[in-house]
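Before any comments, here is the structure.
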Amino acid sequence: MMERKVVAVTGCLGFIGSHFTRACLQRNWMVWGVDKKTYAARTELLEEFGQFKSFRFLETDIAKMDHLYDVDYVFNFAAETHVDNSIVDSARFTWSNIMGVENLLELIRGKRNYEMPVLIHISTDEVYGDLLNGKHTESDPLRPSNPYSASKAAADMMIFGWHRTHKVPYIIVR
């Protein structure tokens, strides 16, 4: 029998994060849902998720979180998105997409080595920049072309650095 998973899902009320949260709950995983309830949050989902005894909700900004529960995995869906918004207000993207990831990395690093959860970070293919022809590969260099993709690329690079320096386990999904 498989051991029950305990996960933190940041951005649990966003489009992709909410679908992932639902899938985890349907598998009877314990889910710590984290969301700061921005314009992108589907707050009506709290009622649905709240019907599961295995769901707990924390309303906070990932850049301000001061505690990480004992979890097996941290799935980071939280992010400022939309390229046009990043051009108008890049500071918001820096705060959430870079400082938020740094804070998650520090919270994970604060766990003992044998208790460190794996960070599953949801990135974007936009970190590779403009595609002239063909397709991107994972070995392509990062060449972001706007503030949004630059903030996501910076977060990816921070994760690499925390892994190398502090052995924080990670998977980046693009």
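Simple scheme: letters A, B, ... for chains in structure tokens order, numbers from 1 for residues in each chain, numbers from 1 for ligands in the order shown.
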
Report task. Could you find all residues in chain A that DSSP calls helix (DSSP H, G or I) from the backbone, and write them as a PyMOL selection string? Result -> chain A and resi 15-26+45-50+83-88+90-109+113-115+125-128+147-166

Requested in this report: Could you give me the residues within chain A that DSSP places in strand (DSSP E), as number ranges by chain?
Outcome: A: 6-10, 30-35, 55-59, 73-76, 118-122, 170-173

Requested in this report: List the neighbours of Lys167 of chain A out to 10 Å using only C-alpha atoms; skip same-chain residues closer than 3 positions along the sequence, and give me the result as JSON, numbers by chain.
Outcome: {"A": [109, 113, 116, 160, 161, 162, 163, 164, 170]}

Query raised in the report: In Å, with one decimal, what is the gap from atom CA of Arg4 of chain A to atom CA of Thr124 of chain A?
Result: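 So the answer is 29.2 Å.
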
Query - Distance criterion (only C-alpha atoms): nearest to Gln51 of chain A out of A:Leu119, A:Phe15, A:His67, A:Leu25 - result: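 Among the listed residues, A:Leu25 lies closest to Gln51 of chain A.
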
Query - Coordinates-based distance that separates atom CA of Ala155 of chain A from atom CA of Val31 of chain A (Å, one decimal) - result: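 Going from atom CA of Val31 of chain A over to atom CA of Ala155 of chain A covers 23.7 Å.
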
Requested in this report: Compile the contact shell of Tyr39 of chain A as number ranges by chain: residues with an atom at most 12 Å away, counting only C-alpha atoms, same-chain residues fewer than 5 positions apart removed.
Outcome: A: 11, 13-15, 80-81

Query raised in the report: Mind pulling up the distance from atom CA of Lys152 of chain A to atom CA of Tyr128 of chain A?
Result: 10.3 Å

Requested in this report: Would you list the contacts of Val34 of chain A as JSON, numbers by chain, taking every protein, DNA or RNA residue within 10 Å and counting only C-alpha atoms, but skipping same-chain residues closer than 6 positions in sequence?
Outcome: {"A": [8, 9, 10, 11, 12, 13, 17, 56, 57, 58, 59, 60, 61, 62, 65, 76, 77, 78]}

Arg22 of chain A: which residues within 10 Å, counting only C-alpha atoms, same-chain residues fewer than 3 positions away excluded, as a compact mmCIF listing (two decimals) with C-alpha atoms, in the first residue's frame?
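Saved as result_18.txt:
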# COMPACT_ATOMS: atom_id res chain seq x y z
CA CYS A 12 -3.92 26.50 -5.24
CA GLY A 17 -2.94 25.03 -9.38
CA SER A 18 -6.63 24.45 -8.66
CA HIS A 19 -6.83 21.52 -11.06
CA LEU A 25 -7.43 15.62 -2.99
CA GLN A 26 -9.11 12.98 -5.14
CA ARG A 27 -6.08 10.75 -4.50
CA ASN A 28 -6.60 11.28 -0.76
CA TRP A 29 -3.40 13.27 -0.33
CA VAL A 31 -2.99 19.21 0.85
CA LEU A 45 -13.11 26.66 -4.99
CA GLU A 48 -15.28 22.61 -2.87
CA PHE A 49 -11.81 21.91 -1.47
CA PHE A 52 -12.18 17.27 1.86
CA PHE A 55 -7.42 20.08 2.84

Requested in this report: Measuring atom to atom with only C-alpha atoms, identify which of A:Ile16, A:Pro141, A:Tyr148, A:Gly100 is nearest to Ile122 of chain A.
Outcome: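 Result for the nearest residue to Ile122 of chain A: A:Ile16.
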
Query raised in the report: Taking into account only C-alpha atoms, which residue in the set A:Glu115, A:Asp89, A:Glu3, A:Glu44 is nearest to Val71 of chain A?
Result: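 Counting only C-alpha atoms, the residue closest to Val71 of chain A is A:Glu115.
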